[in-house]
Amino acid sequence: MITAVMKKIFFAGLIFTSFFVRAQEINIIPQPVSVKQTKSNAFIIVNAGTPIVAEGDDFGKSINFLNDYLDRFYSIKLRTSSTTLGNNVIRLSLSNPFTTVQGGYKLTVDANGISISGDNANSVFYGIQTLIQLLPAPGSSIRLPVPYCEITDYPRFSYRGMHLDCCRHFFSVDFIKQYIDWIALHKMNYFHWHLTDDQGWRIEIKKYPKLTQVGAWRNGTIIGSFPGTGNDSIHYGGFYSQEQIKEIVKYAADRFITVIPEIEMPGHASAALASYPFLGCTKGPYEVQQTWGVFDDVFCAGNDSTYKFLQDVLDEVIALFPSKYIHIGGDECPKTRWKTCPVCQRRMRTEKLKDEHALQSYFIQRIEKYVNSKGRSVIGWDEILEGGLAPNATVMSWRGEQGGIDAAKQNHYVIMTPGDWCYFDHSQSEQEDSLTIGGYIPVDKVYSYEPVPASLNADQAKYILGAQGNLWTEYISNPGKVEYMIFPRMSALSEVLWSQKQNRDWGDFEKRLMVQFKRYDLWNTKYSKAYFELKTSVLPGKDYNGVLWKIENKFNKKMFMTFAGSDSVWGYTGPQLIQKTVRARGYFNLDNRTFEVRQDFNFNKATGKKITLANEPSKNFPGDGPFTLVNGVWNERGITRTSQLLGFLGSDCDATIDLGTMQYISNVTVHTMKDLSSWIWPPKYVEVFVSGDGKNFTSVKSSDDFKITNGKNGVIHVNFLLTNTRYVRVLAKNTGNIPSGYPGAGYESWLFADEIEIN
Ligand SMILES: [Zn+2]
């Protein structure tokens, strides 16, 4: 037990010896404009002994945030003081602005203590976030060393956002606050809250109580990957009361974060229509959707009562959210109902609108006018460009960068959220084993993103306000999965948005990311470990005697291998020869943790054999060359951005395999995919030819019997009478141009193949 007197001496001793404490390295994400570690010494924050001195009244939010953080993760509490007591202090002050960019601060740590000065309270708050990252993670609850340094910092972009879809799945108020804390810790400043959609209406509107009595609940949810393997029939939903929303808006404001509500229109309206069927063209009945996608029933664009309803809703929304921006969706609105709705058609005639796209534009412009009349501005997804942009709208570019480019060229402000970099619902691992919407966006891809498209000149580039990470939650049903999907990609995006372009360096970020992982541990988050993953590749064996499995790790750690069902473990010395059906496992240890990769090899008569292709696959989907089709590895996870499959655009997969010797065979199976929304069609048919000499081939059988095996993956089996042959030609016929009525109609279709089995 330490007595009060002893404690005093103990702490005094600590303060004195602080000069001799070696400081930890400085690893800040996002990277500041300038960081100088001035000495190897550290200043020591002492529990209950280091006061925060606020020079002015503006720093309550910063002090509260810092104290909450210290208390939560280090059990340290600091008091505030109005007078400086010696050098053991954290001093917050205002300075004259030193950049034109809002958010600039300077942070100094030296023998005089810690000093943060910013051009306003918000800037000082960013300095607090940097101070938090100067602390050791984890650290002691008695004393925290802070390295001596001088930091000057300010953001590159004014809009640094994160989005969360609370409609496909609902998240609690506590979790929303947690999400907002993460946004703050990354020096981001916007939370885009997706509150209404087909699968649920999540915001209480007093004038229309059925929106939450009816619209917040669905009677089930599809199971598995769309279109699903069934429905769980579980009553599901939830909503935020206006009191809860006020609480969240304040919580965010206390962290200098603006909450932008999204009220979707005219599409993604099923939940509203189910609550008030008069809002639709057909008048229903409608239901809150239980599956994902885009639905034909949307708000009727002809009926004045639709606009009256939406204005009433927006009145309450505007009263709740002080944000300058109100997001009104505008995306993915089918025109099917409008084409046959007499009220919509009459509206088109009276307003002299040439088509339904112009009607959508009329809809958005009418709503924009209303929102503008309340002193606010609208944001819409890039579809709002179609049929003419509303005069003051800001465009959120999600279908690639083009929408943003077009809008900037029309002198409209833009927030970039292109799917290929900013959609955090996509997989970040090629070895993903949880359900995701697909795609592949690893952390380095996010880091490589440049929000200002090269095709814009300097004047147009000024319209790019920044970017945002989007998290759609069809396949994200709990907080742990949210954490897994956003970390570490959100950290990479924060640097894209905050740090100066010339300060971005992937290699340096990787070094800092290793410390960021320790912070995630400190925060107790379930971040993705994809960064640590072993990279794997499958190579042809020598003399076609099997396949070679190559594994690598980026840390130069010794690796080990095992086969399932066997106790032996051996050190990895080079690509492992695999000659039979087996589950192989490779792993390495780092910081007392094991990172592993498992791979199933499926052997048949074709595996590892010589293969040639009559047509090259597309450059976008080259796999590992023709060998991909006989490497024993199936593309079981259905991810299209992988080395495990070949993609053919408009052409056939026409492969000839040399079995090496004459052999009896009676079956050929082609592993392929079906994903019509991505223009991927299964083969029209698979035809098998055999030959003893490799020159003269005879057709033995064909089949068009495509069977789904798992999600988007499927097979065509071709069975035939036992045949003796050495060469087998397998023709998987491309289906040709996409028929009308399907996505991409009239264009060439994709054919994907990942394995050919011969038995
Ligand atoms: Zn209508």
# chains A, B, ... in the order shown; residues from 1 in each chain; ligands from 1
$ closest_atom_pairs --of "chain A" --to "ligand 1" --cutoff "8 Å" --atoms "only C-alpha atoms and all ligand atoms" --output "CSV"
residue,atom,partner,partner_atom_place_in_ligand_line,distance
A:Gly280,CA,ligand 1,1 (Zn),6.4
A:Cys281,CA,ligand 1,1 (Zn),3.8
A:Thr282,CA,ligand 1,1 (Zn),7.4
A:Phe299,CA,ligand 1,1 (Zn),7.2
A:Cys300,CA,ligand 1,1 (Zn),3.6
A:Ala301,CA,ligand 1,1 (Zn),5.2
A:Gly302,CA,ligand 1,1 (Zn),5.0
A:Asn303,CA,ligand 1,1 (Zn),6.5
A:Arg337,CA,ligand 1,1 (Zn),6.5
A:Trp338,CA,ligand 1,1 (Zn),5.0
A:Thr340,CA,ligand 1,1 (Zn),7.8
A:Cys341,CA,ligand 1,1 (Zn),4.6
A:Pro342,CA,ligand 1,1 (Zn),6.7
A:Val343,CA,ligand 1,1 (Zn),5.2
A:Cys344,CA,ligand 1,1 (Zn),4.2
A:Gln345,CA,ligand 1,1 (Zn),7.5
$ write_last_selection --atoms "all heavy atoms" --output "short mmCIF file (atom, residue, chain, number, x, y, z; two decimals), in the first residue's frame"
data_model
loop_
_atom_site.label_atom_id
_atom_site.label_comp_id
_atom_site.auth_asym_id
_atom_site.auth_seq_id
_atom_site.Cartn_x
_atom_site.Cartn_y
_atom_site.Cartn_z
N GLY A 280 -47.98 5.24 -53.27
CA GLY A 280 -47.52 4.52 -54.44
C GLY A 280 -48.43 4.74 -55.64
O GLY A 280 -49.53 5.28 -55.51
N CYS A 281 -47.98 4.31 -56.81
CA CYS A 281 -48.78 4.47 -58.03
C CYS A 281 -49.96 3.50 -58.05
O CYS A 281 -51.03 3.85 -58.50
CB CYS A 281 -47.90 4.24 -59.26
SG CYS A 281 -46.67 5.53 -59.54
N THR A 282 -49.75 2.26 -57.55
CA THR A 282 -50.81 1.24 -57.64
C THR A 282 -51.68 1.21 -56.39
O THR A 282 -52.66 0.49 -56.34
CB THR A 282 -50.20 -0.16 -57.82
OG1 THR A 282 -49.47 -0.49 -56.62
CG2 THR A 282 -49.27 -0.21 -59.02
N PHE A 299 -42.23 5.92 -54.84
CA PHE A 299 -43.19 7.00 -54.61
C PHE A 299 -43.80 7.43 -55.94
O PHE A 299 -43.10 7.58 -56.94
CB PHE A 299 -42.49 8.21 -53.98
CG PHE A 299 -42.13 8.03 -52.52
CD1 PHE A 299 -40.80 8.02 -52.12
CD2 PHE A 299 -43.12 7.90 -51.55
CE1 PHE A 299 -40.45 7.87 -50.78
CE2 PHE A 299 -42.78 7.74 -50.20
CZ PHE A 299 -41.45 7.73 -49.81
N CYS A 300 -45.12 7.64 -55.95
CA CYS A 300 -45.79 8.15 -57.15
C CYS A 300 -45.33 9.60 -57.35
O CYS A 300 -45.42 10.43 -56.44
CB CYS A 300 -47.30 8.11 -56.98
SG CYS A 300 -48.17 8.83 -58.39
N ALA A 301 -44.82 9.86 -58.56
CA ALA A 301 -44.27 11.19 -58.82
C ALA A 301 -45.32 12.14 -59.38
O ALA A 301 -45.04 13.31 -59.66
CB ALA A 301 -43.09 11.08 -59.79
N GLY A 302 -46.55 11.63 -59.55
CA GLY A 302 -47.59 12.46 -60.13
C GLY A 302 -48.47 13.11 -59.08
O GLY A 302 -48.93 14.25 -59.23
N ASN A 303 -48.68 12.40 -58.00
CA ASN A 303 -49.68 12.80 -57.02
C ASN A 303 -49.14 13.88 -56.08
O ASN A 303 -48.08 13.72 -55.47
CB ASN A 303 -50.04 11.55 -56.20
CG ASN A 303 -51.44 11.64 -55.67
OD1 ASN A 303 -51.92 12.74 -55.37
ND2 ASN A 303 -52.10 10.50 -55.57
N ARG A 337 -43.38 1.66 -62.77
CA ARG A 337 -44.73 2.06 -62.34
C ARG A 337 -45.13 3.39 -62.96
O ARG A 337 -46.28 3.59 -63.33
CB ARG A 337 -44.79 2.15 -60.81
CG ARG A 337 -44.62 0.84 -60.10
CD ARG A 337 -45.84 -0.09 -60.26
NE ARG A 337 -45.61 -1.33 -59.55
CZ ARG A 337 -45.22 -2.46 -60.14
NH1 ARG A 337 -45.04 -2.52 -61.45
NH2 ARG A 337 -45.02 -3.55 -59.43
N TRP A 338 -44.20 4.31 -63.03
CA TRP A 338 -44.50 5.65 -63.57
C TRP A 338 -44.97 5.55 -65.02
O TRP A 338 -45.81 6.34 -65.46
CB TRP A 338 -43.27 6.56 -63.50
CG TRP A 338 -42.82 6.91 -62.11
CD1 TRP A 338 -43.43 6.56 -60.93
CD2 TRP A 338 -41.67 7.67 -61.74
NE1 TRP A 338 -42.73 7.06 -59.86
CE2 TRP A 338 -41.64 7.74 -60.32
CE3 TRP A 338 -40.65 8.31 -62.46
CZ2 TRP A 338 -40.64 8.43 -59.62
CZ3 TRP A 338 -39.66 8.99 -61.77
CH2 TRP A 338 -39.65 9.04 -60.37
N THR A 340 -46.83 3.38 -66.41
CA THR A 340 -48.22 2.97 -66.57
C THR A 340 -49.17 3.70 -65.62
O THR A 340 -50.36 3.43 -65.62
CB THR A 340 -48.36 1.44 -66.35
OG1 THR A 340 -47.83 1.13 -65.05
CG2 THR A 340 -47.59 0.67 -67.41
N CYS A 341 -48.65 4.60 -64.81
CA CYS A 341 -49.49 5.30 -63.84
C CYS A 341 -50.11 6.54 -64.51
O CYS A 341 -49.39 7.43 -64.97
CB CYS A 341 -48.66 5.71 -62.64
SG CYS A 341 -49.51 6.83 -61.51
N PRO A 342 -51.44 6.61 -64.57
CA PRO A 342 -52.07 7.76 -65.23
C PRO A 342 -51.74 9.09 -64.55
O PRO A 342 -51.63 10.12 -65.22
CB PRO A 342 -53.58 7.46 -65.13
CG PRO A 342 -53.73 6.35 -64.16
CD PRO A 342 -52.43 5.63 -64.08
N VAL A 343 -51.55 9.07 -63.25
CA VAL A 343 -51.26 10.32 -62.52
C VAL A 343 -49.85 10.80 -62.87
O VAL A 343 -49.61 11.99 -63.10
CB VAL A 343 -51.43 10.11 -61.00
CG1 VAL A 343 -51.36 11.45 -60.28
CG2 VAL A 343 -52.73 9.42 -60.69
N CYS A 344 -48.91 9.85 -62.90
CA CYS A 344 -47.53 10.21 -63.28
C CYS A 344 -47.50 10.71 -64.73
O CYS A 344 -46.81 11.69 -65.05
CB CYS A 344 -46.59 9.01 -63.12
SG CYS A 344 -46.19 8.64 -61.39
N GLN A 345 -48.23 10.03 -65.61
CA GLN A 345 -48.23 10.42 -67.02
C GLN A 345 -48.86 11.80 -67.21
O GLN A 345 -48.40 12.60 -68.02
CB GLN A 345 -48.97 9.36 -67.86
CG GLN A 345 -48.22 8.03 -67.95
CD GLN A 345 -46.84 8.16 -68.58
OE1 GLN A 345 -46.69 8.80 -69.63
NE2 GLN A 345 -45.82 7.59 -67.95
#
$ residues_around --residues "A:Asp312" --least-positions-apart "3" --cutoff "9 Å" --atoms "only C-alpha atoms" --output "PyMOL selection string"
chain A and resi 205+207-208+307-309+315-317
$ write_last_selection --atoms "all heavy atoms" --output "PDB file, in the first residue's frame"
ATOM      1  N   ILE A 205     -41.486   9.775 -37.196  1.00  0.00           N
ATOM      2  CA  ILE A 205     -42.079  10.990 -37.750  1.00  0.00           C
ATOM      3  C   ILE A 205     -43.445  11.135 -37.074  1.00  0.00           C
ATOM      4  O   ILE A 205     -44.325  10.303 -37.263  1.00  0.00           O
ATOM      5  CB  ILE A 205     -42.218  10.896 -39.291  1.00  0.00           C
ATOM      6  CG1 ILE A 205     -40.849  10.696 -39.959  1.00  0.00           C
ATOM      7  CG2 ILE A 205     -42.943  12.131 -39.848  1.00  0.00           C
ATOM      8  CD1 ILE A 205     -39.868  11.849 -39.829  1.00  0.00           C
ATOM      9  N   LYS A 207     -45.991  13.054 -37.366  1.00  0.00           N
ATOM     10  CA  LYS A 207     -47.204  13.258 -38.154  1.00  0.00           C
ATOM     11  C   LYS A 207     -47.651  11.975 -38.864  1.00  0.00           C
ATOM     12  O   LYS A 207     -48.827  11.859 -39.233  1.00  0.00           O
ATOM     13  CB  LYS A 207     -46.939  14.365 -39.182  1.00  0.00           C
ATOM     14  CG  LYS A 207     -48.199  14.882 -39.848  1.00  0.00           C
ATOM     15  CD  LYS A 207     -47.965  16.241 -40.466  1.00  0.00           C
ATOM     16  CE  LYS A 207     -49.283  16.834 -40.940  1.00  0.00           C
ATOM     17  NZ  LYS A 207     -49.080  18.172 -41.502  1.00  0.00           N
ATOM     18  N   TYR A 208     -46.738  11.046 -39.043  1.00  0.00           N
ATOM     19  CA  TYR A 208     -47.052   9.794 -39.750  1.00  0.00           C
ATOM     20  C   TYR A 208     -46.568   8.603 -38.920  1.00  0.00           C
ATOM     21  O   TYR A 208     -45.558   7.968 -39.248  1.00  0.00           O
ATOM     22  CB  TYR A 208     -46.402   9.788 -41.135  1.00  0.00           C
ATOM     23  CG  TYR A 208     -46.890  10.894 -42.043  1.00  0.00           C
ATOM     24  CD1 TYR A 208     -46.166  12.072 -42.197  1.00  0.00           C
ATOM     25  CD2 TYR A 208     -48.106  10.764 -42.729  1.00  0.00           C
ATOM     26  CE1 TYR A 208     -46.618  13.097 -43.012  1.00  0.00           C
ATOM     27  CE2 TYR A 208     -48.573  11.792 -43.549  1.00  0.00           C
ATOM     28  CZ  TYR A 208     -47.831  12.948 -43.686  1.00  0.00           C
ATOM     29  OH  TYR A 208     -48.289  13.962 -44.492  1.00  0.00           O
ATOM     30  N   TYR A 307     -45.822  14.670 -52.523  1.00  0.00           N
ATOM     31  CA  TYR A 307     -44.946  15.799 -52.186  1.00  0.00           C
ATOM     32  C   TYR A 307     -45.310  16.393 -50.831  1.00  0.00           C
ATOM     33  O   TYR A 307     -44.441  16.778 -50.056  1.00  0.00           O
ATOM     34  CB  TYR A 307     -45.005  16.858 -53.296  1.00  0.00           C
ATOM     35  CG  TYR A 307     -44.521  16.298 -54.625  1.00  0.00           C
ATOM     36  CD1 TYR A 307     -45.407  15.821 -55.586  1.00  0.00           C
ATOM     37  CD2 TYR A 307     -43.153  16.194 -54.878  1.00  0.00           C
ATOM     38  CE1 TYR A 307     -44.954  15.283 -56.774  1.00  0.00           C
ATOM     39  CE2 TYR A 307     -42.686  15.651 -56.072  1.00  0.00           C
ATOM     40  CZ  TYR A 307     -43.595  15.200 -57.014  1.00  0.00           C
ATOM     41  OH  TYR A 307     -43.134  14.655 -58.185  1.00  0.00           O
ATOM     42  N   LYS A 308     -46.629  16.440 -50.571  1.00  0.00           N
ATOM     43  CA  LYS A 308     -47.094  16.939 -49.275  1.00  0.00           C
ATOM     44  C   LYS A 308     -46.511  16.070 -48.156  1.00  0.00           C
ATOM     45  O   LYS A 308     -45.967  16.570 -47.162  1.00  0.00           O
ATOM     46  CB  LYS A 308     -48.637  16.912 -49.253  1.00  0.00           C
ATOM     47  CG  LYS A 308     -49.273  17.209 -47.902  1.00  0.00           C
ATOM     48  CD  LYS A 308     -49.207  18.703 -47.581  1.00  0.00           C
ATOM     49  CE  LYS A 308     -50.043  19.094 -46.380  1.00  0.00           C
ATOM     50  NZ  LYS A 308     -49.682  18.416 -45.142  1.00  0.00           N
ATOM     51  N   PHE A 309     -46.610  14.741 -48.335  1.00  0.00           N
ATOM     52  CA  PHE A 309     -46.081  13.803 -47.346  1.00  0.00           C
ATOM     53  C   PHE A 309     -44.582  14.037 -47.132  1.00  0.00           C
ATOM     54  O   PHE A 309     -44.108  14.165 -45.999  1.00  0.00           O
ATOM     55  CB  PHE A 309     -46.341  12.365 -47.816  1.00  0.00           C
ATOM     56  CG  PHE A 309     -45.545  11.311 -47.080  1.00  0.00           C
ATOM     57  CD1 PHE A 309     -45.982  10.791 -45.865  1.00  0.00           C
ATOM     58  CD2 PHE A 309     -44.345  10.823 -47.605  1.00  0.00           C
ATOM     59  CE1 PHE A 309     -45.239   9.825 -45.184  1.00  0.00           C
ATOM     60  CE2 PHE A 309     -43.599   9.858 -46.933  1.00  0.00           C
ATOM     61  CZ  PHE A 309     -44.053   9.365 -45.716  1.00  0.00           C
ATOM     62  N   ASP A 315     -39.895  18.407 -42.908  1.00  0.00           N
ATOM     63  CA  ASP A 315     -40.037  19.422 -41.852  1.00  0.00           C
ATOM     64  C   ASP A 315     -39.523  18.879 -40.521  1.00  0.00           C
ATOM     65  O   ASP A 315     -38.778  19.556 -39.807  1.00  0.00           O
ATOM     66  CB  ASP A 315     -41.511  19.829 -41.680  1.00  0.00           C
ATOM     67  CG  ASP A 315     -41.971  20.783 -42.770  1.00  0.00           C
ATOM     68  OD1 ASP A 315     -41.102  21.333 -43.483  1.00  0.00           O
ATOM     69  OD2 ASP A 315     -43.199  20.971 -42.901  1.00  0.00           O
ATOM     70  N   GLU A 316     -39.935  17.643 -40.206  1.00  0.00           N
ATOM     71  CA  GLU A 316     -39.511  17.066 -38.921  1.00  0.00           C
ATOM     72  C   GLU A 316     -38.028  16.704 -38.952  1.00  0.00           C
ATOM     73  O   GLU A 316     -37.311  16.859 -37.957  1.00  0.00           O
ATOM     74  CB  GLU A 316     -40.376  15.840 -38.578  1.00  0.00           C
ATOM     75  CG  GLU A 316     -41.825  16.224 -38.319  1.00  0.00           C
ATOM     76  CD  GLU A 316     -42.674  15.110 -37.688  1.00  0.00           C
ATOM     77  OE1 GLU A 316     -42.114  14.279 -36.947  1.00  0.00           O
ATOM     78  OE2 GLU A 316     -43.893  15.083 -37.962  1.00  0.00           O
ATOM     79  N   VAL A 317     -37.563  16.232 -40.104  1.00  0.00           N
ATOM     80  CA  VAL A 317     -36.144  15.873 -40.251  1.00  0.00           C
ATOM     81  C   VAL A 317     -35.266  17.117 -40.069  1.00  0.00           C
ATOM     82  O   VAL A 317     -34.272  17.098 -39.344  1.00  0.00           O
ATOM     83  CB  VAL A 317     -35.899  15.214 -41.625  1.00  0.00           C
ATOM     84  CG1 VAL A 317     -34.410  15.112 -41.935  1.00  0.00           C
ATOM     85  CG2 VAL A 317     -36.554  13.826 -41.672  1.00  0.00           C
TER      86      VAL A 317
END
$ residues_around --residues "A:Cys167" --least-positions-apart "5" --cutoff "9 Å" --atoms "only C-alpha atoms" --output "number ranges by chain"
A: 194-202, 216, 237-238, 472-474
$ write_last_selection --atoms "N, CA and C atoms" --output "short mmCIF file (atom, residue, chain, number, x, y, z; two decimals), in the first residue's frame"
data_model
loop_
_atom_site.label_atom_id
_atom_site.label_comp_id
_atom_site.auth_asym_id
_atom_site.auth_seq_id
_atom_site.Cartn_x
_atom_site.Cartn_y
_atom_site.Cartn_z
N HIS A 194 -28.05 6.49 -42.98
CA HIS A 194 -29.05 6.00 -43.94
C HIS A 194 -30.25 5.47 -43.17
N LEU A 195 -31.35 6.23 -43.19
CA LEU A 195 -32.45 5.99 -42.25
C LEU A 195 -33.72 5.41 -42.86
N THR A 196 -33.86 5.47 -44.18
CA THR A 196 -35.08 4.91 -44.76
C THR A 196 -34.72 4.09 -45.99
N ASP A 197 -35.38 2.95 -46.13
CA ASP A 197 -35.15 2.12 -47.31
C ASP A 197 -36.26 1.09 -47.42
N ASP A 198 -36.14 0.20 -48.41
CA ASP A 198 -37.17 -0.80 -48.64
C ASP A 198 -37.38 -1.73 -47.44
N GLN A 199 -36.28 -1.98 -46.72
CA GLN A 199 -36.34 -3.01 -45.66
C GLN A 199 -36.63 -2.44 -44.28
N GLY A 200 -36.83 -1.12 -44.19
CA GLY A 200 -37.17 -0.56 -42.90
C GLY A 200 -37.09 0.96 -42.88
N TRP A 201 -38.06 1.57 -42.19
CA TRP A 201 -38.07 3.02 -41.97
C TRP A 201 -37.65 3.22 -40.52
N ARG A 202 -36.57 3.97 -40.29
CA ARG A 202 -35.96 3.95 -38.96
C ARG A 202 -36.07 5.25 -38.18
N ALA A 216 -41.20 0.14 -39.83
CA ALA A 216 -39.92 -0.19 -39.19
C ALA A 216 -39.73 -1.69 -39.01
N GLY A 237 -36.77 -5.55 -36.83
CA GLY A 237 -36.83 -4.12 -37.08
C GLY A 237 -36.39 -3.29 -35.90
N GLY A 238 -36.85 -2.04 -35.91
CA GLY A 238 -36.48 -1.08 -34.88
C GLY A 238 -36.45 0.31 -35.48
N TRP A 472 -22.99 -0.50 -46.40
CA TRP A 472 -24.33 -1.06 -46.61
C TRP A 472 -24.40 -2.37 -45.86
N THR A 473 -25.55 -2.64 -45.24
CA THR A 473 -25.55 -3.71 -44.23
C THR A 473 -26.42 -4.92 -44.56
N GLU A 474 -26.64 -5.18 -45.86
CA GLU A 474 -27.38 -6.39 -46.19
C GLU A 474 -26.78 -7.61 -45.48
#
$ residues_around --residues "stretch 741-748 of chain A" --least-positions-apart "4" --cutoff "12 Å" --atoms "only C-alpha atoms" --output "PDB file with C-alpha atoms, in the first residue's frame"
ATOM      1  CA  PHE A 648     -14.283 -14.554 -70.939  1.00  0.00           C
ATOM      2  CA  LEU A 649     -16.180 -11.570 -72.344  1.00  0.00           C
ATOM      3  CA  GLY A 650     -18.312 -12.654 -75.287  1.00  0.00           C
ATOM      4  CA  SER A 651     -15.995 -15.597 -76.073  1.00  0.00           C
ATOM      5  CA  ASP A 652     -15.909 -19.298 -75.207  1.00  0.00           C
ATOM      6  CA  ASP A 675     -24.532 -13.534 -61.390  1.00  0.00           C
ATOM      7  CA  LEU A 676     -26.884 -11.916 -63.879  1.00  0.00           C
ATOM      8  CA  SER A 677     -26.805  -8.549 -62.139  1.00  0.00           C
ATOM      9  CA  SER A 678     -23.057  -8.459 -62.882  1.00  0.00           C
ATOM     10  CA  TRP A 679     -23.648  -9.708 -66.466  1.00  0.00           C
ATOM     11  CA  ILE A 680     -22.128 -13.101 -65.589  1.00  0.00           C
ATOM     12  CA  TRP A 681     -24.005 -15.933 -67.285  1.00  0.00           C
ATOM     13  CA  ASN A 734     -20.562 -18.358 -74.099  1.00  0.00           C
ATOM     14  CA  THR A 735     -24.260 -17.514 -73.990  1.00  0.00           C
ATOM     15  CA  GLY A 736     -23.691 -14.571 -76.363  1.00  0.00           C
ATOM     16  CA  ASN A 737     -25.308 -11.167 -76.084  1.00  0.00           C
TER      17      ASN A 737
END
$ closest_residue --among "A:Glu450, A:Ile758, A:Thr536, A:Lys77" --to "A:Ser499" --atoms "only C-alpha atoms"
A:Glu450
$ residues_around --residues "A:Arg726" --least-positions-apart "6" --cutoff "9 Å" --atoms "only C-alpha atoms" --output "JSON, numbers by chain"
{"A": [657, 658, 659, 660, 661, 662, 663, 664, 690, 691, 692, 693, 694]}
$ select_by_dssp --residues "stretch 517-639 of chain A" --states "strand (DSSP E or B)" --output "count of residues only"
47
